[in-house]
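Contents: one structure, followed by commentary.
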Amino acid sequence: MANLPILQFEEQIVETVERNPVVVIIGETGSGKSTQLSQILHKRGYTKSGRAIAVTQPRRVAAVSVSRRVAQELGVRFGEEVGYAIRFEDRTSEKTCIKYLTDGVLLRESLSNPELNQYSVIILDEAHERSLNTDILLGLMKRLIKIRSTNLKVLITSATLDGEKVSRFFSNCPILNVPGKLFPVEIRYSSERPTSYLESSLKTAIAICANNFALSEIHVREPEGDILIFMTGQDDIEKLVKKLEERVQSLEEGSCMDAVILPLHGSLPPELQASLVRVFSPPPPNCRRFIVATNIAETSLTVDGVVYVIDSGYVKQRQYNPSTGMYSLDVVPISRVQADQRAGRAGRTRPGKCYRLYTSTVYHEDLMGATVPEIQRSSLAGTVLYLKSLDLPDIDILKFDFLDPPSTEALEDALKQLYLIDAIDENGSITSIGQTMAELPLEPSLSRTLIEANEYGCLSQALTVAAMLSAETSLLPGTSKSTDKKRKHEPSDLPDGSGWGDHIQLLQIYELWDQRNYDVEWCKDNNLQVRGMKFVRDVRKQLSQIMQKIAKGSLDVRTNGRRKESQEDYRNLRKSLCVGYANQLAERMMRHNGYRTLGFKPQLVQVHPSSVLKTDEEGMLPNYVVYHELISTTRPFMRNLCAVEMRWVMPILKKLEKLNITKLSGGSVRSEEQTKGENPSLPEKEVGVATPDDRESRIQAARDRFLSRKTKG
DNA sequence: GAGCACTGC
């Protein structure tokens, strides 16, 4: 602790904080900023007023581990003067004066106390990662320091590259630089410019082995030290691991040290991830580890003993397209910040080397400086609802002051979605339903479903579905090909959704687990991740409590125990889902099983093959479905579907027709041309017909199709 | 008949 670079800057930091409401601290890995800043300010009396110092972290584990260390350094009992708060866990007390929390928890706190008066200092740590939540907090902080100019200090820690930008955002606030404790890392570039992703990502695996570049060079010639290889995904990792194993076996025995090759990615069970990171530390003599990893090793996991890094230069990134309402998972080039972060992984224990599988020209001229922040890659329905629920008097959502504002299109997309599920009215004002929805830690469609389900008497089932969907990705174990085949040979005993679709199946699975008294073995027998299922149980409990608080009375939130759900229960649940997912409806097309989404931008989509949705005797899928998510991979797919009835869809289409984005967005920031097309003085129906806007006419067409079908039936 | 990087309330 005494050696931490940041301590030499203590006086300077204190003085600067004293004179300025906002300070940016640039501190590289190992500077000690996460553990020391809070302690320094605590010692200088910033907690004397009875207000605490809050330090946000983007990840739960960081909040826990850093707070634990701080408590130890200060010699206080953990959970008293120093504590942490993450979802499901609040280890703080009345006495707590240094509180570590995830940025999501701070956002929740600011919902009930918008001025965050319980804090004298708010430190946004790791702000350079630009998580969606951190970005919202940055905007809120800018506002908050104006209101609480006398008794609030905000500190933002950032990486080297965008410190200037953050400073400009906060009226050119001072920037302090604190050196890190990294060892020098020598960078080596590839001499050839990769021509395509195919070549660089999938074939880098081969290139590494075949071309005598990087890998054989390191393993045969370089001294001890583990090698960390950054790839994009599980598939590439498995291929590369196999190739490396072949290569290593072909090496002459005794010509170099032993090698162990290990994959590291998010689909591995967490226990395995953790143990892998610690395997052989310290490593046995004369043995080298090759760790082939996704960007999980960039920030989330630190592998000890890495001296060499091989960087493919690519990353798999999920992005949302507001003009189609669709997510896609793309392999994209990393940013320079990311490249530096990867290289830094080689210099944690001693001087290291980083081999970049791209040229220095690519690094300097082609790569973007920083990664596109999450807020510009996500659907903003939840974010907009959150901001609206804060009811900030001076704020127009479309003009909210973000460090990097999302596009108008993305914001308008969010407004339309919120309007369709009754969270905001036609003028864009939050409704009482919307206010309730914002209280729930769920995406808006699921919050809306819960509220509707409460009306229909199927809240318990809806709670389960919402909780299951929140954890969905962590339910199934890593999909290695072998387990997949196994499943095909002996179909699992898990329920199938009774033909109604995936939401119902998720409900049935949880009900079964509930009947087995949450038996861990049952999960294992049915190939479900125990941790995932426990998470579902926690989420469900949290949601039940919030719903009961909102309703101010006791609701029936119990699971059904041994009673079997009836078709009537399923029907009510599906009806609630239809209301909640009003912005995510699709209609089957005539005579085949393709679908067209119903909304502002109709898309041709298909049922994801993983769905349990059933066809009827004639082999046809349901006429109408709601979907949880549109994801474009090889083709556009709907994931997690549930059959709904035509008559439930009707009122939604009517509402869709009335939608007027000018009014929704508060009448601001519309270009003249757009305003002309939606002239509010014209009768609404004529607008629908007269507008040249393709979207409008398609909506009309969707409604016409619906009406004609109804008369036929 | 397809495949999923990583977080978080």
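Chain labels follow the order of the structure tokens: the first chain is A, the next B, and so on; residue numbering restarts at 1 in every chain, and ligands are counted from 1 in their shown order.
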Exercise for the section: Pull out every residue of chain B sitting within 6 Å of chain A, counting only C-alpha atoms (C1' of nucleotides), and send them as a PyMOL selection string. Expected result: chain B and resi 1+5+9
Take the residues from that selection and write them out as a PDB file, in the first residue's frame, keeping C-alpha atoms (C1' of nucleotides).
ATOM      1  C1'  DG B   1     -32.622 -25.988 -38.573  1.00  0.00           C
ATOM      2  C1'  DA B   5     -18.928 -11.244 -26.681  1.00  0.00           C
ATOM      3  C1'  DC B   9     -30.778  -3.231 -11.686  1.00  0.00           C
TER       4       DC B   9
END
Handout entry: DSSP alpha helix (DSSP H) residues within stretch 351-433 of chain A, as number ranges by chain
Key = A: 360-361, 381-390, 408-420, 432-433
Could you write out that same residue set with N, CA, C and O atoms as an mmCIF file, in the first residue's frame?
data_model
loop_
_atom_site.group_PDB
_atom_site.id
_atom_site.type_symbol
_atom_site.label_atom_id
_atom_site.label_comp_id
_atom_site.auth_asym_id
_atom_site.auth_seq_id
_atom_site.Cartn_x
_atom_site.Cartn_y
_atom_site.Cartn_z
ATOM 1 N N SER A 360 1.016 -1.712 -37.845
ATOM 2 C CA SER A 360 1.020 -0.503 -37.035
ATOM 3 C C SER A 360 0.200 0.590 -37.720
ATOM 4 O O SER A 360 -0.364 1.454 -37.068
ATOM 5 N N THR A 361 0.120 0.540 -39.044
ATOM 6 C CA THR A 361 -0.726 1.505 -39.764
ATOM 7 C C THR A 361 -2.196 1.306 -39.375
ATOM 8 O O THR A 361 -2.926 2.267 -39.158
ATOM 9 N N ALA A 381 -35.212 2.100 -24.547
ATOM 10 C CA ALA A 381 -36.523 2.176 -23.905
ATOM 11 C C ALA A 381 -36.381 2.265 -22.376
ATOM 12 O O ALA A 381 -36.997 3.121 -21.739
ATOM 13 N N GLY A 382 -35.544 1.407 -21.812
ATOM 14 C CA GLY A 382 -35.373 1.400 -20.362
ATOM 15 C C GLY A 382 -34.736 2.686 -19.853
ATOM 16 O O GLY A 382 -35.160 3.251 -18.846
ATOM 17 N N THR A 383 -33.725 3.148 -20.564
ATOM 18 C CA THR A 383 -33.032 4.373 -20.165
ATOM 19 C C THR A 383 -33.957 5.582 -20.209
ATOM 20 O O THR A 383 -34.000 6.390 -19.274
ATOM 21 N N VAL A 384 -34.713 5.705 -21.298
ATOM 22 C CA VAL A 384 -35.615 6.846 -21.432
ATOM 23 C C VAL A 384 -36.698 6.800 -20.352
ATOM 24 O O VAL A 384 -37.023 7.812 -19.733
ATOM 25 N N LEU A 385 -37.218 5.604 -20.099
ATOM 26 C CA LEU A 385 -38.233 5.487 -19.053
ATOM 27 C C LEU A 385 -37.651 5.896 -17.699
ATOM 28 O O LEU A 385 -38.284 6.620 -16.928
ATOM 29 N N TYR A 386 -36.440 5.453 -17.449
ATOM 30 C CA TYR A 386 -35.786 5.806 -16.194
ATOM 31 C C TYR A 386 -35.672 7.325 -16.046
ATOM 32 O O TYR A 386 -36.053 7.903 -15.032
ATOM 33 N N LEU A 387 -35.167 7.974 -17.085
ATOM 34 C CA LEU A 387 -34.979 9.428 -17.010
ATOM 35 C C LEU A 387 -36.318 10.144 -16.862
ATOM 36 O O LEU A 387 -36.445 11.101 -16.113
ATOM 37 N N LYS A 388 -37.323 9.651 -17.599
ATOM 38 C CA LYS A 388 -38.649 10.280 -17.475
ATOM 39 C C LYS A 388 -39.182 10.139 -16.059
ATOM 40 O O LYS A 388 -39.841 11.038 -15.545
ATOM 41 N N SER A 389 -38.901 8.996 -15.433
ATOM 42 C CA SER A 389 -39.464 8.760 -14.109
ATOM 43 C C SER A 389 -38.809 9.639 -13.043
ATOM 44 O O SER A 389 -39.367 9.860 -11.985
ATOM 45 N N LEU A 390 -37.606 10.131 -13.334
ATOM 46 C CA LEU A 390 -36.951 11.014 -12.380
ATOM 47 C C LEU A 390 -37.661 12.356 -12.308
ATOM 48 O O LEU A 390 -37.509 13.110 -11.358
ATOM 49 N N THR A 408 -30.935 10.713 -32.489
ATOM 50 C CA THR A 408 -32.345 11.075 -32.342
ATOM 51 C C THR A 408 -33.212 9.869 -32.692
ATOM 52 O O THR A 408 -34.223 9.610 -32.050
ATOM 53 N N GLU A 409 -32.790 9.140 -33.700
ATOM 54 C CA GLU A 409 -33.560 7.967 -34.112
ATOM 55 C C GLU A 409 -33.688 6.949 -32.974
ATOM 56 O O GLU A 409 -34.769 6.399 -32.745
ATOM 57 N N ALA A 410 -32.599 6.733 -32.253
ATOM 58 C CA ALA A 410 -32.637 5.773 -31.155
ATOM 59 C C ALA A 410 -33.552 6.257 -30.034
ATOM 60 O O ALA A 410 -34.287 5.476 -29.429
ATOM 61 N N LEU A 411 -33.518 7.553 -29.778
ATOM 62 C CA LEU A 411 -34.374 8.107 -28.728
ATOM 63 C C LEU A 411 -35.847 8.047 -29.141
ATOM 64 O O LEU A 411 -36.718 7.707 -28.343
ATOM 65 N N GLU A 412 -36.106 8.355 -30.397
ATOM 66 C CA GLU A 412 -37.494 8.305 -30.870
ATOM 67 C C GLU A 412 -38.020 6.880 -30.894
ATOM 68 O O GLU A 412 -39.179 6.630 -30.579
ATOM 69 N N ASP A 413 -37.159 5.957 -31.253
ATOM 70 C CA ASP A 413 -37.530 4.550 -31.209
ATOM 71 C C ASP A 413 -37.961 4.173 -29.789
ATOM 72 O O ASP A 413 -38.975 3.502 -29.589
ATOM 73 N N ALA A 414 -37.196 4.645 -28.813
ATOM 74 C CA ALA A 414 -37.521 4.353 -27.417
ATOM 75 C C ALA A 414 -38.879 4.963 -27.038
ATOM 76 O O ALA A 414 -39.702 4.323 -26.394
ATOM 77 N N LEU A 415 -39.113 6.200 -27.473
ATOM 78 C CA LEU A 415 -40.382 6.860 -27.154
ATOM 79 C C LEU A 415 -41.566 6.092 -27.727
ATOM 80 O O LEU A 415 -42.582 5.887 -27.064
ATOM 81 N N LYS A 416 -41.421 5.646 -28.963
ATOM 82 C CA LYS A 416 -42.509 4.889 -29.599
ATOM 83 C C LYS A 416 -42.778 3.598 -28.838
ATOM 84 O O LYS A 416 -43.927 3.235 -28.590
ATOM 85 N N GLN A 417 -41.707 2.917 -28.488
ATOM 86 C CA GLN A 417 -41.888 1.678 -27.737
ATOM 87 C C GLN A 417 -42.626 1.934 -26.425
ATOM 88 O O GLN A 417 -43.543 1.201 -26.061
ATOM 89 N N LEU A 418 -42.206 2.984 -25.738
ATOM 90 C CA LEU A 418 -42.815 3.281 -24.439
ATOM 91 C C LEU A 418 -44.280 3.678 -24.587
ATOM 92 O O LEU A 418 -45.121 3.347 -23.757
ATOM 93 N N TYR A 419 -44.578 4.378 -25.665
ATOM 94 C CA TYR A 419 -45.960 4.795 -25.912
ATOM 95 C C TYR A 419 -46.857 3.578 -26.126
ATOM 96 O O TYR A 419 -47.946 3.485 -25.552
ATOM 97 N N LEU A 420 -46.358 2.642 -26.908
ATOM 98 C CA LEU A 420 -47.171 1.466 -27.228
ATOM 99 C C LEU A 420 -47.471 0.605 -26.007
ATOM 100 O O LEU A 420 -48.458 -0.117 -25.983
ATOM 101 N N SER A 432 -48.939 6.906 -15.010
ATOM 102 C CA SER A 432 -48.754 6.269 -13.701
ATOM 103 C C SER A 432 -48.294 4.824 -13.892
ATOM 104 O O SER A 432 -47.527 4.297 -13.088
ATOM 105 N N ILE A 433 -48.735 4.206 -14.970
ATOM 106 C CA ILE A 433 -48.220 2.865 -15.282
ATOM 107 C C ILE A 433 -46.708 2.935 -15.498
ATOM 108 O O ILE A 433 -45.944 2.129 -14.978
#
Fill in the blank from the handout: Nearest to A:Glu657, restricted to only C-alpha atoms and choosing among A:Gly139, A:Gly599, A:Pro622, A:Pro351, comes out as A:Gly599
Practice task
May I ask for the distance between atom CA of A:Glu10 and atom CA of A:Ala54, given in Å to one decimal place?
Solution key: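 Separation between atom CA of A:Glu10 and atom CA of A:Ala54: 18.7 Å.
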Problem - Nearest-residue call for A:Glu222, choices A:Lys575, A:Lys99, A:Lys353, A:Lys242, using only C-alpha atoms - result: A:Lys353
Exercise for the section: Name the residues in contact with A:Thr371 at a cut-off of 12 Å, using only C-alpha atoms (C1' of nucleotides), excluding same-chain residues fewer than 5 positions from it; report them as a ChimeraX atom specification. Expected result: /A:128-131,161-162,314-315,317,332-341,376-377,404
Emit the selected residues as a CSV table (one decimal), in the first residue's frame, including C-alpha atoms.
chain,number,residue,atom,x,y,z
A,128,HIS,CA,-13.6,4.9,-19.3
A,129,GLU,CA,-15.4,1.6,-19.8
A,130,ARG,CA,-18.4,3.7,-20.6
A,131,SER,CA,-21.0,1.2,-19.4
A,161,LEU,CA,-7.3,8.7,-24.1
A,162,ASP,CA,-10.6,10.3,-23.2
A,314,TYR,CA,-11.2,-8.2,-33.2
A,315,VAL,CA,-14.0,-8.4,-30.7
A,317,GLN,CA,-20.0,-6.9,-30.1
A,332,VAL,CA,-15.7,-5.7,-35.3
A,333,PRO,CA,-12.2,-4.3,-35.0
A,334,ILE,CA,-11.2,-3.3,-31.5
A,335,SER,CA,-10.5,0.3,-30.6
A,336,ARG,CA,-7.0,1.7,-29.7
A,337,VAL,CA,-8.1,1.9,-26.0
A,338,GLN,CA,-9.0,-1.8,-26.1
A,339,ALA,CA,-5.7,-2.7,-27.9
A,340,ASP,CA,-3.8,-0.9,-25.2
A,341,GLN,CA,-5.8,-2.6,-22.5
A,376,GLN,CA,-25.0,4.2,-28.7
A,377,ARG,CA,-25.4,0.5,-29.2
A,404,ASP,CA,-21.9,10.9,-26.2
Exercise for the section: Would you please work out which residue, of A:Ile451, A:Leu641, A:Ala127, A:Ile98, is nearest to A:Ala85 when using only C-alpha atoms? Expected result: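 Looking at the shortest contact to A:Ala85, the residue is A:Ile98.
For the choices A:Leu398, A:Ile504, A:Ile631, A:Cys97, the atom-to-atom distance to B:DC4 is smallest for A:Ile631 when using only C-alpha atoms (C1' of nucleotides).
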Practice task
Write out as an NGL selection string each polymer residue whose atoms come within 12 Å of A:Asp514, counting only C-alpha atoms (C1' of nucleotides); drop sequence neighbours fewer than 2 positions from it.
Solution key: :A and (464 or 507-512 or 516-520 or 522-523 or 533-534 or 536-537 or 558-564)
Exercise for the section: Can you pull out every residue within 9 Å of A:Pro184, counting only C-alpha atoms (C1' of nucleotides), but drop anything in the same chain fewer than 2 positions away, and send it as a list in words? Expected result: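 Neighbouring residues, sequence-local ones excluded: Leu182, Glu186, Gly344, Ala346, Gly347, Arg350, Pro351, Gly352 and Lys353 of chain A.
Between atom C1' of B:DG3 and atom CA of A:Arg531 there is a distance of 22.1 Å.
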Problem - d(atom CA of A:His219, atom CA of A:Arg288) in Å - result: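 Between these atoms lies a distance of 7.9 Å.
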Practice task
Please identify which residues in stretch 13-183 of chain A DSSP calls strand (DSSP E) from the backbone, and express them as a ChimeraX atom specification.
Solution key: /A:22-27,52-57,82-86,89-91,98-102,119-124,153-158,175-178
